[in-house]
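A.B. asks: Below you'll find entry00.cif; it's mmCIF, C-alpha atoms and all ligand atoms.
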```
data_structure
#
loop_
_atom_site.label_atom_id
_atom_site.label_comp_id
_atom_site.auth_asym_id
_atom_site.auth_seq_id
_atom_site.Cartn_x
_atom_site.Cartn_y
_atom_site.Cartn_z
CA ALA A 4 186.13 67.81 181.90
CA SER A 5 182.69 68.86 182.99
CA ARG A 6 181.45 67.60 186.33
CA PHE A 7 178.20 66.91 184.50
CA ALA A 8 179.78 64.62 181.92
CA ASP A 9 178.48 61.65 183.89
CA VAL A 10 174.84 62.82 183.71
CA ASP A 11 172.72 60.31 181.84
CA VAL A 12 170.77 61.80 178.97
CA ALA A 13 167.10 61.45 179.92
CA PRO A 14 164.85 59.60 177.51
CA PRO A 15 162.81 61.95 175.29
CA ILE A 16 159.26 62.76 176.40
CA GLU A 17 157.43 60.75 173.77
CA VAL A 18 154.50 63.04 173.14
CA PHE A 19 156.63 66.18 172.67
CA ALA A 20 159.14 64.29 170.49
CA LEU A 21 156.30 63.15 168.20
CA ILE A 22 154.89 66.66 167.91
CA ALA A 23 158.33 67.93 166.86
CA GLN A 24 158.69 65.13 164.29
CA HIS A 25 155.26 65.90 162.92
CA ASN A 26 156.02 69.60 162.64
CA GLU A 27 159.21 68.93 160.68
CA ASP A 28 157.58 66.43 158.33
CA PRO A 29 156.92 68.06 154.91
CA HIS A 30 154.45 65.34 153.81
CA PRO A 31 151.20 66.99 152.63
CA ASN A 32 148.90 64.40 154.22
CA LYS A 33 150.61 64.16 157.61
CA VAL A 34 148.31 63.79 160.59
CA ASN A 35 149.06 64.45 164.25
CA LEU A 36 147.12 62.05 166.46
CA SER A 37 149.53 62.33 169.39
CA VAL A 38 148.99 65.84 170.74
CA GLY A 39 146.99 66.11 173.99
CA ALA A 40 144.93 69.14 173.01
CA TYR A 41 141.58 69.87 171.37
CA ARG A 42 141.49 70.64 167.65
CA THR A 43 138.62 71.93 165.52
CA ASP A 44 137.38 70.15 162.44
CA GLU A 45 139.84 72.37 160.56
CA GLY A 46 142.63 70.88 162.69
CA LYS A 47 143.18 74.19 164.51
CA PRO A 48 143.47 75.03 168.23
CA TRP A 49 140.27 76.61 169.58
CA VAL A 50 140.24 79.65 171.83
CA LEU A 51 136.80 79.41 173.45
CA PRO A 52 134.68 82.45 172.53
CA VAL A 53 133.76 82.95 176.20
CA VAL A 54 137.47 83.12 177.01
CA ARG A 55 137.95 85.75 174.30
CA THR A 56 135.11 87.79 175.84
CA VAL A 57 136.66 87.76 179.29
CA GLU A 58 140.12 88.50 177.90
CA ALA A 59 138.77 91.59 176.15
CA GLN A 60 137.20 92.80 179.41
CA MET A 61 140.38 92.13 181.35
CA ALA A 62 142.50 94.06 178.85
CA THR A 63 140.74 97.31 179.72
CA ASP A 64 139.85 96.73 183.37
CA PRO A 65 141.64 99.50 185.33
CA THR A 66 141.27 97.64 188.63
CA LEU A 67 143.56 94.79 187.53
CA ASN A 68 147.28 94.93 188.18
CA HIS A 69 150.27 92.63 188.45
CA GLU A 70 150.55 92.33 192.21
CA TYR A 71 151.32 88.93 193.72
CA LEU A 72 148.38 86.66 194.41
CA PRO A 73 148.04 85.03 197.83
CA VAL A 74 150.24 81.91 198.16
CA ALA A 75 147.18 79.64 197.89
CA GLY A 76 145.95 81.52 194.82
CA LEU A 77 143.04 83.64 193.68
CA PRO A 78 140.19 83.20 196.23
CA ASP A 79 137.38 83.55 193.63
CA PHE A 80 139.01 80.94 191.45
CA ARG A 81 139.58 78.42 194.22
CA ALA A 82 136.03 78.74 195.51
CA ALA A 83 134.57 78.38 192.00
CA ALA A 84 136.80 75.40 191.23
CA VAL A 85 135.78 73.35 194.26
CA LYS A 86 132.13 74.25 193.67
CA LEU A 87 132.38 73.05 190.08
CA LEU A 88 133.89 69.80 191.24
CA LEU A 89 131.63 68.96 194.16
CA GLY A 90 128.41 70.80 193.38
CA GLU A 91 127.27 73.91 195.19
CA ASP A 92 125.12 72.07 197.75
CA ASN A 93 127.67 69.43 198.60
CA PRO A 94 127.52 68.82 202.39
CA ALA A 95 131.32 68.92 202.59
CA LEU A 96 131.23 72.49 201.23
CA VAL A 97 128.34 73.51 203.43
CA GLU A 98 130.20 72.10 206.45
CA ASN A 99 133.27 74.16 205.54
CA ARG A 100 135.68 71.25 205.22
CA VAL A 101 136.82 71.80 201.63
CA GLU A 102 139.77 73.93 200.54
CA GLY A 103 141.19 74.79 197.14
CA VAL A 104 144.84 75.54 196.49
CA GLN A 105 145.62 77.00 193.09
CA ALA A 106 148.34 75.17 191.20
CA LEU A 107 150.28 75.26 187.94
CA GLY A 108 147.88 73.12 185.94
CA GLY A 109 146.69 69.69 186.93
CA THR A 110 150.35 68.68 187.02
CA GLY A 111 151.11 71.24 189.71
CA ALA A 112 148.14 70.05 191.75
CA LEU A 113 149.34 66.45 191.55
CA ARG A 114 152.79 67.56 192.59
CA LEU A 115 151.43 69.43 195.62
CA ALA A 116 149.48 66.39 196.75
CA ALA A 117 152.42 64.04 196.21
CA ASP A 118 154.81 66.36 198.05
CA PHE A 119 152.41 66.90 200.94
CA LEU A 120 151.78 63.19 201.43
CA LYS A 121 155.51 62.47 201.33
CA ILE A 122 156.76 65.37 203.43
CA ILE A 123 153.96 65.68 205.99
CA LYS A 124 152.49 62.18 206.14
CA GLN A 125 155.67 60.23 205.28
CA CYS A 126 153.89 58.21 202.61
CA ASP A 127 156.20 56.01 200.58
CA ASN A 128 153.78 53.66 198.80
CA VAL A 129 151.74 54.67 195.80
CA ILE A 130 149.75 52.72 193.26
CA MET A 131 148.37 53.83 189.90
CA SER A 132 146.89 52.14 186.88
CA ASN A 133 148.79 50.24 184.21
CA PRO A 134 148.87 52.04 181.88
CA THR A 135 148.50 55.58 183.15
CA TRP A 136 149.40 59.11 182.09
CA GLU A 137 153.19 58.83 181.89
CA ASN A 138 153.74 61.81 184.18
CA HIS A 139 152.07 60.18 187.20
CA ARG A 140 154.98 57.81 187.77
CA MET A 141 157.62 60.45 187.22
CA ILE A 142 156.01 62.91 189.64
CA PHE A 143 155.92 60.37 192.47
CA LYS A 144 159.44 59.20 191.64
CA ASN A 145 160.81 62.73 191.83
CA CYS A 146 158.93 63.33 195.08
CA GLY A 147 160.98 60.48 196.53
CA TYR A 148 158.42 57.68 196.80
CA GLY A 149 160.27 54.40 197.29
CA ASN A 150 157.49 52.00 196.37
CA ILE A 151 155.65 52.90 193.18
CA LYS A 152 153.36 50.17 191.89
CA GLN A 153 150.91 49.87 189.05
CA HIS A 154 147.67 47.92 189.19
CA ARG A 155 146.03 45.98 186.39
CA TYR A 156 143.54 48.13 184.51
CA TRP A 157 143.41 47.52 180.79
CA ASN A 158 142.38 44.11 179.60
CA ALA A 159 143.92 43.97 176.11
CA GLU A 160 141.81 41.04 174.99
CA MET A 161 138.49 42.53 176.06
CA LYS A 162 139.66 46.07 175.32
CA GLY A 163 138.04 47.03 178.61
CA LEU A 164 138.56 47.31 182.35
CA ASP A 165 140.11 44.50 184.38
CA LEU A 166 138.26 45.38 187.58
CA ASN A 167 139.16 42.27 189.53
CA GLY A 168 142.83 42.65 188.70
CA MET A 169 142.65 46.27 189.79
CA LEU A 170 141.00 45.44 193.12
CA GLU A 171 143.40 42.58 193.85
CA ASP A 172 146.45 44.72 193.16
CA ILE A 173 145.25 47.58 195.37
CA LYS A 174 144.44 45.04 198.08
CA ALA A 175 147.99 43.69 197.94
CA MET A 176 149.42 47.11 198.88
CA PRO A 177 150.22 48.09 202.49
CA ASP A 178 147.61 50.08 204.40
CA GLU A 179 147.66 53.86 203.87
CA THR A 180 149.02 53.61 200.34
CA VAL A 181 148.40 56.57 198.05
CA VAL A 182 145.95 55.47 195.33
CA VAL A 183 145.87 57.62 192.19
CA LEU A 184 142.56 57.38 190.34
CA HIS A 185 141.44 58.99 187.08
CA ALA A 186 138.04 60.46 187.91
CA CYS A 187 136.90 60.40 184.25
CA ALA A 188 138.32 59.97 180.76
CA HIS A 189 141.12 57.65 181.80
CA ASN A 190 144.31 58.63 179.99
CA PRO A 191 145.43 56.78 177.89
CA THR A 192 142.77 54.05 177.65
CA GLY A 193 139.52 56.05 177.61
CA VAL A 194 138.05 53.27 179.76
CA ASP A 195 136.24 54.41 182.91
CA PRO A 196 134.70 52.28 185.66
CA THR A 197 130.90 52.15 185.80
CA GLN A 198 129.18 53.49 188.91
CA GLU A 199 128.87 49.94 190.26
CA GLN A 200 132.57 49.39 189.69
CA TRP A 201 133.45 52.68 191.39
CA LYS A 202 131.60 51.46 194.48
CA LYS A 203 133.88 48.43 194.65
CA ILE A 204 136.95 50.60 194.15
CA ALA A 205 135.79 52.82 197.01
CA ASP A 206 135.25 49.73 199.21
CA ILE A 207 138.84 48.61 198.68
CA CYS A 208 140.22 52.10 199.28
CA GLU A 209 138.26 52.29 202.51
CA GLN A 210 139.44 48.86 203.68
CA LYS A 211 143.04 49.78 202.95
CA LYS A 212 142.75 53.25 204.54
CA ALA A 213 144.13 54.56 201.25
CA TYR A 214 145.07 58.17 200.64
CA VAL A 215 142.87 58.78 197.62
CA LEU A 216 144.17 61.17 194.99
CA MET A 217 141.64 61.73 192.22
CA ASP A 218 143.02 63.17 189.02
CA ILE A 219 140.33 65.06 187.14
CA ALA A 220 141.77 66.67 184.02
CA TYR A 221 138.70 66.42 181.79
CA GLN A 222 135.64 67.55 183.75
CA GLY A 223 132.82 68.43 181.35
CA PHE A 224 135.05 67.76 178.40
CA THR A 225 134.40 64.01 178.71
CA SER A 226 130.63 63.72 178.43
CA GLY A 227 129.71 67.36 177.95
CA ASP A 228 128.10 67.21 181.39
CA ILE A 229 129.78 68.65 184.49
CA GLU A 230 127.89 66.51 187.01
CA ARG A 231 128.36 63.27 185.18
CA ASP A 232 132.11 63.73 184.83
CA SER A 233 132.58 64.47 188.51
CA TRP A 234 130.35 61.67 189.74
CA ALA A 235 133.20 59.52 191.05
CA VAL A 236 134.70 62.34 193.13
CA ARG A 237 131.31 63.30 194.54
CA TYR A 238 130.58 59.67 195.32
CA PHE A 239 133.81 59.23 197.32
CA VAL A 240 133.09 62.45 199.20
CA SER A 241 129.54 61.29 199.95
CA ARG A 242 131.01 58.16 201.53
CA GLY A 243 133.03 60.26 203.93
CA PHE A 244 136.47 59.92 202.34
CA GLU A 245 139.05 62.57 203.07
CA LEU A 246 140.69 63.07 199.71
CA PHE A 247 142.66 65.21 197.31
CA ALA A 248 141.51 65.95 193.77
CA SER A 249 143.77 67.56 191.19
CA GLN A 250 141.70 69.68 188.81
CA SER A 251 143.00 70.86 185.46
CA PHE A 252 141.42 73.64 183.42
CA SER A 253 143.72 73.05 180.47
CA LYS A 254 141.28 71.05 178.35
CA ASN A 255 137.84 72.18 179.45
CA PHE A 256 138.81 75.87 179.09
CA GLY A 257 141.40 75.41 176.35
CA LEU A 258 143.89 77.26 178.59
CA TYR A 259 146.76 74.82 178.13
CA ASN A 260 149.71 77.20 178.37
CA GLU A 261 148.22 79.39 181.11
CA ARG A 262 148.73 76.58 183.63
CA VAL A 263 145.45 76.72 185.51
CA GLY A 264 144.87 74.02 188.08
CA ASN A 265 143.51 73.53 191.55
CA LEU A 266 144.08 71.03 194.30
CA CYS A 267 140.80 70.33 196.03
CA ILE A 268 141.24 69.17 199.61
CA VAL A 269 138.38 67.47 201.43
CA THR A 270 138.81 66.62 205.12
CA LYS A 271 136.53 65.47 207.92
CA ASP A 272 136.44 68.83 209.70
CA THR A 273 137.30 72.51 209.33
CA GLU A 274 140.24 72.41 211.67
CA SER A 275 142.06 69.64 209.76
CA LYS A 276 141.34 71.52 206.55
CA MET A 277 143.12 74.58 207.91
CA ARG A 278 146.05 72.48 209.10
CA VAL A 279 146.46 70.87 205.68
CA LYS A 280 146.08 74.17 203.87
CA SER A 281 148.78 75.79 205.99
CA GLN A 282 151.27 73.07 205.03
CA MET A 283 150.24 73.26 201.39
CA GLU A 284 151.11 76.94 201.49
CA ILE A 285 154.63 76.11 202.64
CA ILE A 286 154.98 73.64 199.77
CA VAL A 287 153.71 76.24 197.28
CA ARG A 288 156.02 78.85 198.78
CA THR A 289 159.07 76.66 198.22
CA THR A 290 157.97 75.48 194.78
CA TRP A 291 156.54 78.46 192.84
CA SER A 292 155.94 80.87 195.73
CA ASN A 293 152.58 82.00 194.41
CA PRO A 294 150.59 81.17 191.28
CA PRO A 295 149.94 83.17 188.09
CA ASN A 296 146.83 85.31 187.84
CA TYR A 297 145.78 85.45 184.20
CA GLY A 298 144.24 82.04 183.51
CA ALA A 299 142.73 81.67 186.97
CA ARG A 300 141.08 85.09 186.57
CA ILE A 301 139.52 83.96 183.29
CA VAL A 302 138.18 80.74 184.79
CA ALA A 303 136.84 82.54 187.87
CA SER A 304 135.14 85.21 185.75
CA VAL A 305 133.35 82.57 183.70
CA LEU A 306 132.37 80.23 186.53
CA ASN A 307 131.12 83.06 188.74
CA ASN A 308 128.89 84.66 186.10
CA PRO A 309 125.69 82.77 185.19
CA ALA A 310 125.53 84.01 181.58
CA LEU A 311 129.18 83.27 180.85
CA TYR A 312 128.88 79.95 182.66
CA SER A 313 126.04 78.80 180.36
CA GLU A 314 128.03 79.89 177.35
CA TRP A 315 131.00 77.85 178.56
CA LYS A 316 128.78 74.81 179.08
CA GLU A 317 127.78 75.09 175.41
CA HIS A 318 131.46 75.17 174.45
CA ILE A 319 132.32 72.01 176.35
CA LYS A 320 129.36 70.35 174.68
CA THR A 321 130.66 71.46 171.29
CA MET A 322 134.05 69.93 172.04
CA SER A 323 132.80 66.66 173.49
CA ASP A 324 130.24 66.26 170.69
CA ARG A 325 132.88 66.68 168.03
CA ILE A 326 135.06 64.06 169.70
CA ARG A 327 132.17 61.62 169.83
CA LEU A 328 131.38 62.30 166.17
CA MET A 329 134.95 61.43 165.23
CA ARG A 330 134.66 58.20 167.23
CA ASP A 331 131.50 57.26 165.35
CA GLN A 332 132.92 58.10 161.97
CA LEU A 333 136.15 56.18 162.49
CA PHE A 334 134.24 53.16 163.73
CA GLN A 335 131.79 53.23 160.81
CA LYS A 336 134.59 53.67 158.33
CA LEU A 337 136.61 50.71 159.65
CA LYS A 338 133.47 48.59 159.67
CA MET A 339 132.77 49.56 156.07
CA LEU A 340 136.31 48.68 155.05
CA GLY A 341 135.95 45.32 156.79
CA THR A 342 139.10 45.94 158.81
CA PRO A 343 139.83 42.76 160.78
CA GLY A 344 139.07 42.95 164.50
CA LYS A 345 136.34 44.47 166.65
CA TRP A 346 136.45 48.24 166.75
CA ASP A 347 133.44 49.15 168.88
CA HIS A 348 135.77 50.07 171.78
CA ILE A 349 136.53 53.25 169.82
CA VAL A 350 132.92 54.32 170.29
CA HIS A 351 132.67 53.20 173.91
CA GLN A 352 135.85 54.81 175.20
CA GLN A 353 135.54 58.18 176.95
CA GLY A 354 137.29 61.49 176.55
CA MET A 355 139.80 62.77 174.09
CA PHE A 356 141.80 59.58 173.65
CA SER A 357 141.23 56.19 172.19
CA TYR A 358 143.40 53.24 173.00
CA THR A 359 143.13 51.63 169.61
CA GLY A 360 144.76 48.31 170.40
CA LEU A 361 147.17 48.84 167.46
CA ASN A 362 150.50 47.17 168.24
CA THR A 363 153.95 48.76 167.91
CA THR A 364 154.56 47.31 164.42
CA GLN A 365 151.24 48.69 163.22
CA VAL A 366 151.97 52.06 164.83
CA GLU A 367 155.36 52.16 163.14
CA HIS A 368 153.73 51.38 159.80
CA LEU A 369 151.34 54.32 160.25
CA VAL A 370 154.17 56.69 161.10
CA LYS A 371 156.63 55.55 158.41
CA LYS A 372 154.32 54.91 155.48
CA TYR A 373 151.45 57.34 156.14
CA HIS A 374 153.04 60.10 158.26
CA ILE A 375 150.32 59.59 160.85
CA TYR A 376 151.85 60.30 164.27
CA LEU A 377 150.59 58.45 167.34
CA LEU A 378 152.02 57.09 170.59
CA LYS A 379 153.73 53.68 170.55
CA SER A 380 151.00 52.42 172.87
CA GLY A 381 148.46 52.92 170.08
CA ARG A 382 146.78 55.85 171.84
CA ILE A 383 145.26 58.38 169.48
CA ASN A 384 143.80 61.81 170.11
CA MET A 385 140.34 61.65 168.56
CA CYS A 386 140.33 65.34 167.71
CA GLY A 387 143.41 64.97 165.57
CA LEU A 388 140.83 63.44 163.24
CA THR A 389 138.78 65.72 160.99
CA THR A 390 136.13 65.16 158.35
CA SER A 391 138.84 65.77 155.76
CA ASN A 392 141.51 63.35 157.02
CA MET A 393 139.13 60.62 158.24
CA ASP A 394 139.26 58.53 155.05
CA TYR A 395 143.02 58.80 154.85
CA VAL A 396 143.48 57.66 158.46
CA ALA A 397 140.89 54.86 158.29
CA ASN A 398 142.43 53.47 155.10
CA ALA A 399 145.88 53.66 156.66
CA ILE A 400 144.72 51.78 159.78
CA HIS A 401 143.08 49.20 157.52
CA ASP A 402 146.37 48.78 155.65
CA ALA A 403 148.39 48.56 158.90
CA VAL A 404 146.12 45.84 160.30
CA THR A 405 145.80 43.68 157.18
N1 LIG B 1 146.24 64.28 184.43
C1 LIG B 1 145.97 63.70 183.27
C2 LIG B 1 145.40 62.33 183.28
C3 LIG B 1 146.21 64.38 182.07
O1 LIG B 1 145.92 63.77 180.93
C4 LIG B 1 146.73 65.68 182.11
C5 LIG B 1 147.00 66.44 180.86
N2 LIG B 1 147.55 65.75 179.82
C6 LIG B 1 147.00 66.24 183.37
C7 LIG B 1 146.73 65.53 184.50
C8 LIG B 1 147.60 67.61 183.61
O2 LIG B 1 147.30 68.59 182.78
P1 LIG B 1 147.87 70.07 182.94
O3 LIG B 1 149.02 70.03 183.89
O4 LIG B 1 148.31 70.42 181.57
O5 LIG B 1 146.75 70.88 183.43
#
```
Can you present the structure in this file as structure tokens?
C.D. replies:
Amino acid sequence: ASRFADVDVAPPIEVFALIAQHNEDPHPNKVNLSVGAYRTDEGKPWVLPVVRTVEAQMATDPTLNHEYLPVAGLPDFRAAAVKLLLGEDNPALVENRVEGVQALGGTGALRLAADFLKIIKQCDNVIMSNPTWENHRMIFKNCGYGNIKQHRYWNAEMKGLDLNGMLEDIKAMPDETVVVLHACAHNPTGVDPTQEQWKKIADICEQKKAYVLMDIAYQGFTSGDIERDSWAVRYFVSRGFELFASQSFSKNFGLYNERVGNLCIVTKDTESKMRVKSQMEIIVRTTWSNPPNYGARIVASVLNNPALYSEWKEHIKTMSDRIRLMRDQLFQKLKMLGTPGKWDHIVHQQGMFSYTGLNTTQVEHLVKKYHIYLLKSGRINMCGLTTSNMDYVANAIHDAVT
């Protein structure tokens, strides 16, 4: 008998299982609202034109080769990434107390932060929102955290943020807990704190001496505006927090499978920054040794060139505008149909996802009867919607609810 016969089969990863089901489904009107990636109005993936331009240049650049990158990653990329996040004139940058460590996507950056806080600072307590991106919990679990808690966040009745619940739950944690925060476009709810609410969240984190880990996977992609989407991170930095921020370039550059991410480290002084960076390098060395070049080179080339940078900013506007248009259209359509319930949260939520409030029975109805694939939680990817499937989906939701 195999010595692995006693290994429990892990539960399927819901989002990938749904994508597979959708791909196998022969139904002509099937719709995939589960995937976590941008789609055009034709329902196709979009390679950003500015990315194509840089790729063409890279293909014939004789100075490029396949040598290893430094353990902490491509210097031009890391510098551009932290500048994009904090703003060029940010005092923390000027004072040389910010470092970037390249990672395998936003996931890799989260993993680095979680590992560092566990291994070097012996953290064992972590709190994150309920609900949150399903990977947050698993990452901290696999990093060995013993006390993983979730704080109230989504108020199902109001279809909005339960700020007081959130603050109370963070307050109930021990001092020096790791607090994971979604900097913008909260996944899965699409509900973000207002600036006033962020101030209260920062107060609590300060009181509790929390290790703040900001997850920013949708900068620019959320509102179409770089500054606006990084406001929360910049605000915490302006208050003097030392923090980590995991940056993903998967969505805002459409570089999903290139695994481009960065862990931004902000400390109180240059010396601590160097200390932290040196330990991060050991963690990288034992995890993936050194990061891949291709995607990071593309991002660096765009961010470090003013003309390409403006072109990219147009692209993120194109993507975020299309998502907002789909929100508007779905809302209008449901209103027109007289679908029971209030649906304005669809318009107010931020980012790629909408937490529809559909319950599991309604979700099942959409999958079984209409071949519309979405997560059990009722989360839908707004850019799975197109002008051509909008009526079909709205009518199906109407049918599921009535
Ligand atoms: N954090 C959140 C909240 C996300 O939604 C995602 C992507 N789904 C990530 C991090 C990580 O993205 P990636 O590793 O693909 O860059």
A.B. asks: Would you name the residues within 7 Å of ligand LIG 1 (chain B), counting all atoms listed in the file, and put them as an MDAnalysis selection string?
C.D. replies: chainID A and resid 39 107:111 136 185 189:190 218:220 251:253 259 262:264
A.B. asks: Smallest atom-to-atom distance to Gly223 in chain A: which of A:Leu87, A:Ala235, A:Leu328, A:Ile285, using all atoms listed in the file?
C.D. replies: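 Of the candidates, the smallest distance to Gly223 in chain A is held by A:Leu87.
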A.B. asks: Would you work out the distance separating CA of Ala299 in chain A from CA of Glu230 in chain A, expressed in Å to one decimal?
C.D. replies: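 If I compute the distance from CA of Ala299 in chain A to CA of Glu230 in chain A, I get 21.2 Å.
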A.B. asks: Between A:Gln153, A:Asn128, A:Asn260, A:Asn167, single out the one closest to Val50 in chain A, counting only C-alpha atoms.
C.D. replies: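 Residue with the minimum atom-to-atom distance to Val50 in chain A: A:Asn260.
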A.B. asks: For a quick check of understanding, using all atoms listed in the file, which of A:Thr66, A:Ser5, A:Thr289, A:Met217 has the smallest distance to Leu266 in chain A?
C.D. replies: A:Met217
A.B. asks: With a distance cut-off of 8 Å and all atoms listed in the file, select the neighbouring residues of Val18 in chain A, excluding the residue or stretch itself and same-chain residues fewer than 2 positions from it, and output the selection as number ranges by chain.
C.D. replies: A: 16, 20-22, 37-38, 378
A.B. asks: Considering all atoms listed in the file, return as a count of residues only whatever protein or nucleic-acid residues lie within 10 Å of Lys372 in chain A, sequence-local ones (same chain, fewer than 5 positions apart) excluded.
C.D. replies: 3
A.B. asks: Could you name the residues that touch Met131 in chain A at 7 Å or less, counting only C-alpha atoms, but leaving out those on the same chain fewer than 2 positions away, as a list in words?
C.D. replies: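 That gives Val129, Asn133, Thr135, Lys152, Gln153, His154, Val182, Val183 and Leu184 of chain A.
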A.B. asks: Okay, now the selection with C-alpha atoms, as a PDB file, keeping the file's coordinate frame?
C.D. replies:
```pdb
ATOM      1  CA  VAL A 129     151.740  54.670 195.800  1.00  0.00           C
ATOM      2  CA  ASN A 133     148.790  50.240 184.210  1.00  0.00           C
ATOM      3  CA  THR A 135     148.500  55.580 183.150  1.00  0.00           C
ATOM      4  CA  LYS A 152     153.360  50.170 191.890  1.00  0.00           C
ATOM      5  CA  GLN A 153     150.910  49.870 189.050  1.00  0.00           C
ATOM      6  CA  HIS A 154     147.670  47.920 189.190  1.00  0.00           C
ATOM      7  CA  VAL A 182     145.950  55.470 195.330  1.00  0.00           C
ATOM      8  CA  VAL A 183     145.870  57.620 192.190  1.00  0.00           C
ATOM      9  CA  LEU A 184     142.560  57.380 190.340  1.00  0.00           C
TER      10      LEU A 184
END
```
A.B. asks: Please measure the separation of CA of Phe244 in chain A and CA of Thr270 in chain A, giving the value in Å to one decimal.
C.D. replies: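 Interatomic distance, CA of Phe244 in chain A to CA of Thr270 in chain A: 7.6 Å.
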A.B. asks: Return the single residue from A:Arg382, A:Lys254, A:His25, A:His368 that is closest to Ile400 in chain A, with distances computed using all atoms listed in the file.
C.D. replies: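 Comparing A:Arg382, A:Lys254, A:His25, A:His368 against Ile400 in chain A, the winner is A:His368.
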